[in-house]
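K.L.:
I am sharing input_27.txt, which consists of compact mmCIF, C-alpha atoms:
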```txt
# COMPACT_ATOMS: atom_id res chain seq x y z
CA MET O 1 56.37 -176.65 109.08
CA LYS O 2 59.45 -177.62 107.03
CA PRO O 3 61.65 -174.68 105.91
CA SER O 4 61.00 -175.32 102.20
CA ASN O 5 57.26 -175.58 102.84
CA ARG O 6 57.51 -172.29 104.73
CA ILE O 7 59.17 -170.67 101.68
CA ALA O 8 56.48 -172.04 99.33
CA TYR O 9 53.74 -171.00 101.77
CA SER O 10 55.14 -167.47 102.07
CA ARG O 11 55.21 -167.17 98.24
CA LYS O 12 51.60 -168.35 97.97
CA ARG O 13 50.45 -166.07 100.76
CA TYR O 14 52.28 -163.12 99.20
CA ARG O 15 50.72 -163.66 95.77
CA ALA O 16 47.22 -164.12 97.21
CA GLY O 17 47.63 -161.04 99.42
CA VAL O 18 48.92 -158.83 96.59
CA PHE O 19 46.10 -160.00 94.30
CA ALA O 20 43.42 -159.25 96.94
CA LEU O 21 44.87 -155.84 97.83
CA MET O 22 45.24 -154.79 94.20
CA ALA O 23 41.60 -155.78 93.61
CA VAL O 24 40.63 -153.49 96.51
CA TYR O 25 42.84 -150.74 95.05
CA LEU O 26 41.17 -151.09 91.64
CA ALA O 27 37.71 -150.97 93.22
CA LEU O 28 38.62 -147.85 95.21
CA MET O 29 40.06 -146.14 92.14
CA LEU O 30 36.87 -146.87 90.21
CA LEU O 31 34.41 -146.04 93.00
CA ALA O 32 36.02 -143.60 95.46
CA TRP O 33 38.48 -141.65 93.33
CA PRO O 34 35.90 -140.11 90.92
CA ALA O 35 34.08 -138.70 93.96
CA VAL O 36 37.16 -136.81 95.26
CA ARG O 37 36.68 -133.64 93.25
CA GLY O 38 32.97 -133.57 93.87
CA GLY O 39 33.27 -134.38 97.58
CA HIS O 40 31.81 -131.98 100.14
CA GLY O 41 34.11 -130.69 102.84
CA LEU O 42 37.86 -130.94 103.21
CA ALA O 43 37.72 -133.96 105.54
CA THR O 44 35.65 -136.01 103.09
CA ARG O 45 37.97 -135.12 100.22
CA VAL O 46 41.06 -136.01 102.26
CA VAL O 47 39.58 -139.39 103.23
CA LEU O 48 38.51 -140.18 99.65
CA ALA O 49 41.90 -139.08 98.26
CA VAL O 50 43.94 -141.10 100.74
CA LEU O 51 41.74 -144.23 100.62
CA PRO O 52 43.39 -145.81 97.51
CA ALA O 53 46.81 -145.49 99.17
CA LEU O 54 45.79 -147.88 101.97
CA PRO O 55 45.80 -151.13 99.90
CA VAL O 56 49.10 -150.02 98.31
CA ILE O 57 50.58 -149.58 101.81
CA GLY O 58 49.29 -153.10 102.48
CA VAL O 59 51.18 -154.35 99.40
CA ILE O 60 54.35 -152.64 100.64
CA TRP O 61 53.94 -154.40 104.00
CA LEU O 62 53.50 -157.74 102.19
CA MET O 63 56.72 -157.04 100.23
CA VAL O 64 58.59 -156.48 103.49
CA TRP O 65 57.08 -159.69 104.91
CA ARG O 66 58.04 -161.58 101.74
CA VAL O 67 61.67 -160.41 101.92
CA LEU O 68 61.91 -161.30 105.62
CA HIS O 69 60.67 -164.84 104.88
CA ALA O 70 62.92 -165.40 101.86
CA ASP O 71 66.09 -167.48 101.94
CA GLU O 72 69.52 -165.83 101.72
CA LEU O 73 69.89 -165.88 97.91
CA GLU O 74 66.40 -164.44 97.46
CA GLN O 75 67.19 -161.76 100.04
CA ARG O 76 70.30 -160.87 98.08
CA LEU O 77 68.26 -160.60 94.87
CA HIS O 78 65.72 -158.37 96.64
CA MET O 79 68.52 -156.21 98.01
CA ILE O 80 70.16 -155.76 94.59
CA ALA O 81 66.81 -154.98 92.96
CA LEU O 82 65.83 -152.53 95.71
CA SER O 83 69.19 -150.77 95.50
CA VAL O 84 68.93 -150.37 91.73
CA ALA O 85 65.28 -149.27 91.91
CA SER O 86 65.98 -146.76 94.70
CA GLY O 87 68.90 -145.27 92.76
CA VAL O 88 67.06 -145.01 89.45
CA VAL O 89 63.88 -143.57 90.99
CA ALA O 90 65.86 -141.15 93.18
CA ALA O 91 67.74 -139.88 90.11
CA ALA O 92 64.50 -139.59 88.10
CA SER O 93 62.78 -137.79 91.01
CA LEU O 94 65.67 -135.35 91.26
CA VAL O 95 65.53 -134.59 87.52
CA GLY O 96 61.72 -134.26 87.73
CA GLY O 97 62.05 -132.02 90.78
CA PHE O 98 64.51 -129.69 89.08
CA LEU O 99 62.35 -129.55 85.94
CA GLY O 100 59.33 -128.81 88.14
CA ALA O 101 61.19 -126.08 90.05
CA ALA O 102 62.26 -124.55 86.73
CA GLY O 103 58.65 -124.51 85.61
CA VAL O 104 59.33 -126.81 82.66
CA LEU O 105 57.31 -129.68 84.10
CA VAL O 106 54.01 -128.70 85.69
CA ARG O 107 52.22 -131.86 86.74
CA GLY O 108 50.53 -132.23 90.09
CA ASP O 109 50.25 -136.02 89.81
CA LEU O 110 53.97 -136.64 89.38
CA LEU O 111 54.38 -138.18 92.85
CA ILE O 112 51.78 -140.85 92.04
CA TRP O 113 54.26 -142.34 89.55
CA VAL O 114 57.05 -142.84 92.09
CA PHE O 115 55.74 -146.15 93.48
CA PRO O 116 54.82 -147.69 90.08
CA ALA O 117 58.23 -146.62 88.73
CA LEU O 118 59.89 -148.19 91.76
CA CYS O 119 57.99 -151.45 91.15
CA VAL O 120 58.82 -151.56 87.43
CA VAL O 121 62.56 -150.89 87.91
CA TYR O 122 62.62 -153.27 90.88
CA GLY O 123 61.02 -156.05 88.80
CA LEU O 124 63.43 -155.53 85.93
CA ALA O 125 66.49 -155.35 88.20
CA ARG O 126 65.40 -158.47 90.09
CA TRP O 127 64.91 -160.36 86.84
CA LEU O 128 68.40 -159.39 85.65
CA ALA O 129 69.97 -160.26 89.03
CA ALA O 130 68.13 -163.61 89.05
CA ARG O 131 69.52 -164.41 85.61
CA ARG O 132 73.02 -163.66 86.86
CA TYR O 133 72.61 -166.20 89.67
CA GLY O 134 70.92 -168.74 87.38
CA VAL O 135 67.58 -168.40 89.16
CA ALA O 136 64.55 -168.61 86.89
CA GLY O 137 61.37 -166.66 87.45
CA CYS O 138 60.50 -163.20 88.60
CA GLU O 139 58.03 -162.03 91.23
CA MET W 1 84.35 -170.75 94.51
CA ASN W 2 84.35 -174.44 93.55
CA ASN W 3 82.43 -176.96 95.62
CA ARG W 4 81.51 -180.63 95.82
CA LEU W 5 77.87 -180.09 96.70
CA ARG W 6 76.41 -181.74 93.60
CA GLU W 7 78.68 -184.76 94.02
CA LEU W 8 77.76 -185.14 97.70
CA ARG W 9 74.05 -184.63 97.04
CA GLU W 10 73.99 -187.18 94.23
CA ALA W 11 75.88 -189.68 96.39
CA LYS W 12 72.98 -189.41 98.87
CA GLY W 13 70.45 -189.73 96.06
CA TRP W 14 68.73 -186.47 96.91
CA SER W 15 67.19 -184.03 94.48
CA GLN W 16 68.04 -180.33 94.72
CA GLY W 17 64.60 -179.73 96.22
CA GLU W 18 65.12 -182.39 98.89
CA LEU W 19 68.49 -180.95 99.82
CA GLY W 20 67.02 -177.45 99.92
CA GLU W 21 64.26 -178.75 102.21
CA GLN W 22 66.82 -180.03 104.69
CA LEU W 23 68.87 -176.84 104.53
CA GLY W 24 65.92 -174.46 104.72
CA VAL W 25 66.57 -172.87 101.33
CA SER W 26 64.90 -173.03 97.93
CA ARG W 27 65.82 -175.44 95.13
CA GLN W 28 67.06 -172.44 93.13
CA THR W 29 69.53 -171.55 95.89
CA VAL W 30 70.91 -175.11 95.93
CA ASN W 31 71.26 -174.97 92.14
CA ALA W 32 73.03 -171.58 92.28
CA ILE W 33 75.50 -172.93 94.85
CA GLU W 34 76.15 -176.13 92.88
CA THR W 35 76.83 -174.23 89.67
CA GLY W 36 79.18 -171.87 91.50
CA LYS W 37 77.03 -168.80 90.75
CA TYR W 38 76.37 -168.11 94.42
CA ASP W 39 78.63 -168.53 97.44
CA PRO W 40 76.63 -169.46 100.54
CA SER W 41 76.82 -167.51 103.78
CA LEU W 42 78.92 -168.96 106.60
CA PRO W 43 75.85 -170.21 108.55
CA LEU W 44 74.55 -172.01 105.43
CA ALA W 45 78.00 -173.45 104.69
CA PHE W 46 78.07 -174.79 108.26
CA ARG W 47 74.61 -176.34 107.82
CA ILE W 48 75.78 -178.02 104.58
CA ALA W 49 78.95 -179.33 106.25
CA LYS W 50 76.97 -180.63 109.24
CA LEU W 51 74.42 -182.33 107.00
CA PHE W 52 77.11 -184.20 105.05
CA ARG W 53 79.29 -184.71 108.16
CA LYS W 54 82.27 -183.10 106.49
CA SER W 55 84.40 -180.04 107.09
CA ILE W 56 83.63 -176.83 105.21
CA GLU W 57 87.01 -176.82 103.48
CA SER W 58 86.46 -180.37 102.19
CA ILE W 59 83.28 -179.20 100.46
CA PHE W 60 84.19 -175.67 99.40
CA ASP W 61 87.41 -174.73 97.65
CA PRO W 62 88.17 -171.02 97.31
CA GLY W 63 90.34 -171.93 94.30
CA GLU W 64 93.17 -169.50 95.04
```
What is this structure when it is put down as structure tokens?

P.N.:
Amino acid sequence: MKPSNRIAYSRKRYRAGVFALMAVYLALMLLAWPAVRGGHGLATRVVLAVLPALPVIGVIWLMVWRVLHADELEQRLHMIALSVASGVVAAASLVGGFLGAAGVLVRGDLLIWVFPALCVVYGLARWLAARRYGVAGCE
Amino acid sequence: MNNRLRELREAKGWSQGELGEQLGVSRQTVNAIETGKYDPSLPLAFRIAKLFRKSIESIFDPGE
């Protein structure tokens, strides 16, 4: 396979994979998640609670695969976006952690928002970095 | 860094996509190099020089 075809193929495969895994995630959130609180036994509740995380872990794996198959400019864009996203989310987590420890913020589901926040900041940072290098589009 | 990539590519009659195909990079990467927004890595600069049968310094000018 030609290198450029490999890049296009990896993009297509990534998009298709993310779409399929997010559909599974949505289905699990609609079907399995409501049963968590009513589940019988600790083991059943643990399995039901952790189940929606599996497709998200799959998406993370696809992201790693996508970066490894990108060309050098794309890898640089991913690196910049990941650095910015890690920094912003780490700072926000620290602030949230201190507020939680002080008893100001009492939310048990706070950790659920770490990954979505990472994705949003990553997407924004990648878009800005791509503009800087004159690359259109954002994934 | 200034470079002669666009000039050399156009002399061959290749599109940015065709050049990217031969170099193993995307069209966007070729465009970013041509417009001077991105400086290629040394391995990519060597691939470009080899493809056009020229030396790296005859294609890329650090513009000191």

K.L.:
So that I can see what lies close to Phe52 (chain W), please list as an MDAnalysis selection string the residues with an atom at most 9 Å from it, counting all atoms listed in the file and leaving out residues fewer than 5 positions away in the same chain.

P.N.:
chainID W and resid 8:9 47

K.L.:
Could you check the closest approach to Leu44 (chain W) for each of W:Met1, W:Leu23, W:Val30, W:Ala11 and tell me which residue wins, using only C-alpha atoms?

P.N.:
W:Leu23

K.L.:
Could you tell me how far CA of Met29 (chain O) lies from CA of Ile112 (chain O), in Å and to one decimal?

P.N.:
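Between CA of Met29 (chain O) and CA of Ile112 (chain O) the gap works out to 12.9 Å.
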
K.L.:
Could you tell me how far CA of Ala32 (chain O) lies from CA of Val121 (chain O), in Å and to one decimal?

P.N.:
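Pair CA of Ala32 (chain O) / CA of Val121 (chain O) returns 28.5 Å.
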
K.L.:
Using all atoms listed in the file, find each residue in chain W having at least one atom no more than 12 Å away from chain O; report its shortest atom-to-atom pair and that distance in Å (one decimal), rows by chain then rising number, as a tab-separated table.

P.N.:
```
residue	atom	partner	partner_atom	distance
W:Gln16	CA	O:Ser4	CA	11.4
W:Gly17	CA	O:Ser4	CA	8.3
W:Glu18	CA	O:Ser4	CA	8.8
W:Leu19	CA	O:Ser4	CA	9.7
W:Gly20	CA	O:Ser4	CA	6.8
W:Glu21	CA	O:Ser4	CA	4.7
W:Gln22	CA	O:Pro3	CA	7.5
W:Leu23	CA	O:Pro3	CA	7.7
W:Gly24	CA	O:Pro3	CA	4.4
W:Val25	CA	O:Asp71	CA	5.4
W:Ser26	CA	O:Ser4	CA	6.2
W:Arg27	CA	O:Ser4	CA	8.6
W:Gln28	CA	O:Val135	CA	5.7
W:Thr29	CA	O:Leu73	CA	6.0
W:Val30	CA	O:Leu73	CA	9.5
W:Asn31	CA	O:Gly134	CA	7.8
W:Ala32	CA	O:Tyr133	CA	6.0
W:Ile33	CA	O:Tyr133	CA	9.0
W:Glu34	CA	O:Gly134	CA	10.6
W:Thr35	CA	O:Gly134	CA	8.4
W:Gly36	CA	O:Tyr133	CA	8.9
W:Lys37	CA	O:Tyr133	CA	5.2
W:Tyr38	CA	O:Tyr133	CA	6.4
W:Asp39	CA	O:Leu73	CA	9.1
W:Pro40	CA	O:Glu72	CA	8.1
W:Ser41	CA	O:Glu72	CA	7.8
W:Leu42	CA	O:Glu72	CA	11.0
W:Pro43	CA	O:Glu72	CA	10.3
W:Leu44	CA	O:Glu72	CA	8.8
W:Ala45	CA	O:Glu72	CA	11.8
```

K.L.:
Which distance in Å separates CA of Leu51 (chain O) and CA of Leu110 (chain O), to one decimal?

P.N.:
18.3 Å

K.L.:
Would you mind telling me which residue in O:Leu21, O:Val47, O:Ala101, O:Leu94 lies nearest to Trp61 (chain O) when using only C-alpha atoms?

P.N.:
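That would be O:Leu21, the residue with the smallest distance to Trp61 (chain O).
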
K.L.:
Between W:Pro62, W:Ser15, W:Arg4, W:Glu10, which one has atoms that come closest to Ala49 (chain W), using all atoms listed in the file?

P.N.:
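The shortest atom-to-atom distance to Ala49 (chain W) comes from W:Arg4.
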
K.L.:
Using the file's own x, y and z axes, so that the box edges lie along x, y and z, what centre and edge lengths in Å (one decimal) does a box around every listed atom of region 41-57 of chain W get when 3 Å is added on each side? Give it as AutoDock Vina command-line options.

P.N.:
```
--center_x 80.7 --center_y -176.1 --center_z 106.4 --size_x 18.6 --size_y 23.2 --size_z 11.8
```

K.L.:
With distances taken over all atoms listed in the file, which residue among O:Leu99, O:Val84, O:Leu42, O:Val67 lies nearest Ala117 (chain O)?

P.N.:
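The answer is O:Val84, which sits nearest to Ala117 (chain O).
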
K.L.:
Return region 20-56 of chain W, completed with N, CA and C atoms, as a short mmCIF file (atom, residue, chain, number, x, y, z; two decimals), in the frame of the given file.

P.N.:
```
data_model
loop_
_atom_site.label_atom_id
_atom_site.label_comp_id
_atom_site.auth_asym_id
_atom_site.auth_seq_id
_atom_site.Cartn_x
_atom_site.Cartn_y
_atom_site.Cartn_z
N GLY W 20 67.46 -178.79 99.50
CA GLY W 20 67.02 -177.45 99.92
C GLY W 20 66.09 -177.53 101.11
N GLU W 21 65.21 -178.54 101.10
CA GLU W 21 64.26 -178.75 102.21
C GLU W 21 65.01 -178.96 103.53
N GLN W 22 66.07 -179.73 103.46
CA GLN W 22 66.82 -180.03 104.69
C GLN W 22 67.68 -178.84 105.17
N LEU W 23 68.03 -178.00 104.18
CA LEU W 23 68.87 -176.84 104.53
C LEU W 23 68.06 -175.59 104.83
N GLY W 24 66.77 -175.63 104.49
CA GLY W 24 65.92 -174.46 104.72
C GLY W 24 66.09 -173.39 103.66
N VAL W 25 66.44 -173.82 102.44
CA VAL W 25 66.57 -172.87 101.33
C VAL W 25 65.80 -173.41 100.13
N SER W 26 65.65 -172.59 99.11
CA SER W 26 64.90 -173.03 97.93
C SER W 26 65.77 -173.89 97.01
N ARG W 27 65.09 -174.61 96.10
CA ARG W 27 65.82 -175.44 95.13
C ARG W 27 66.75 -174.57 94.27
N GLN W 28 66.26 -173.35 93.96
CA GLN W 28 67.06 -172.44 93.13
C GLN W 28 68.37 -172.07 93.82
N THR W 29 68.32 -171.91 95.13
CA THR W 29 69.53 -171.55 95.89
C THR W 29 70.53 -172.71 95.85
N VAL W 30 70.03 -173.94 96.00
CA VAL W 30 70.91 -175.11 95.93
C VAL W 30 71.55 -175.17 94.54
N ASN W 31 70.74 -174.94 93.51
CA ASN W 31 71.26 -174.97 92.14
C ASN W 31 72.32 -173.89 91.93
N ALA W 32 72.06 -172.68 92.44
CA ALA W 32 73.03 -171.58 92.28
C ALA W 32 74.35 -171.89 92.99
N ILE W 33 74.27 -172.56 94.13
CA ILE W 33 75.50 -172.93 94.85
C ILE W 33 76.25 -174.01 94.06
N GLU W 34 75.51 -175.03 93.61
CA GLU W 34 76.15 -176.13 92.88
C GLU W 34 76.85 -175.67 91.60
N THR W 35 76.24 -174.71 90.93
CA THR W 35 76.83 -174.23 89.67
C THR W 35 77.89 -173.15 89.90
N GLY W 36 78.13 -172.83 91.17
CA GLY W 36 79.18 -171.87 91.50
C GLY W 36 78.78 -170.41 91.25
N LYS W 37 77.48 -170.18 91.03
CA LYS W 37 77.03 -168.80 90.75
C LYS W 37 76.78 -168.03 92.05
N TYR W 38 76.63 -168.76 93.14
CA TYR W 38 76.37 -168.11 94.42
C TYR W 38 77.18 -168.80 95.52
N ASP W 39 77.89 -168.00 96.29
CA ASP W 39 78.63 -168.53 97.44
C ASP W 39 77.76 -168.41 98.68
N PRO W 40 77.53 -169.53 99.38
CA PRO W 40 76.63 -169.46 100.54
C PRO W 40 77.24 -168.65 101.69
N SER W 41 76.36 -168.20 102.57
CA SER W 41 76.82 -167.51 103.78
C SER W 41 77.52 -168.53 104.68
N LEU W 42 78.23 -168.05 105.67
CA LEU W 42 78.92 -168.96 106.60
C LEU W 42 77.93 -169.87 107.35
N PRO W 43 76.80 -169.32 107.87
CA PRO W 43 75.85 -170.21 108.55
C PRO W 43 75.32 -171.32 107.63
N LEU W 44 75.06 -170.98 106.36
CA LEU W 44 74.55 -172.01 105.43
C LEU W 44 75.65 -173.02 105.11
N ALA W 45 76.88 -172.53 104.95
CA ALA W 45 78.00 -173.45 104.69
C ALA W 45 78.17 -174.42 105.87
N PHE W 46 77.99 -173.92 107.08
CA PHE W 46 78.07 -174.79 108.26
C PHE W 46 76.94 -175.82 108.26
N ARG W 47 75.75 -175.40 107.86
CA ARG W 47 74.61 -176.34 107.82
C ARG W 47 74.88 -177.43 106.78
N ILE W 48 75.46 -177.04 105.64
CA ILE W 48 75.78 -178.02 104.58
C ILE W 48 76.83 -179.01 105.11
N ALA W 49 77.87 -178.47 105.73
CA ALA W 49 78.95 -179.33 106.25
C ALA W 49 78.41 -180.29 107.31
N LYS W 50 77.54 -179.79 108.16
CA LYS W 50 76.97 -180.63 109.24
C LYS W 50 76.10 -181.73 108.65
N LEU W 51 75.32 -181.36 107.62
CA LEU W 51 74.42 -182.33 107.00
C LEU W 51 75.18 -183.48 106.37
N PHE W 52 76.31 -183.15 105.72
CA PHE W 52 77.11 -184.20 105.05
C PHE W 52 78.22 -184.76 105.95
N ARG W 53 78.27 -184.27 107.19
CA ARG W 53 79.29 -184.71 108.16
C ARG W 53 80.70 -184.55 107.60
N LYS W 54 80.94 -183.40 107.03
CA LYS W 54 82.27 -183.10 106.49
C LYS W 54 82.68 -181.71 106.93
N SER W 55 83.96 -181.39 106.74
CA SER W 55 84.40 -180.04 107.09
C SER W 55 84.07 -179.10 105.94
N ILE W 56 83.95 -177.82 106.25
CA ILE W 56 83.63 -176.83 105.21
C ILE W 56 84.68 -176.84 104.10
#
```
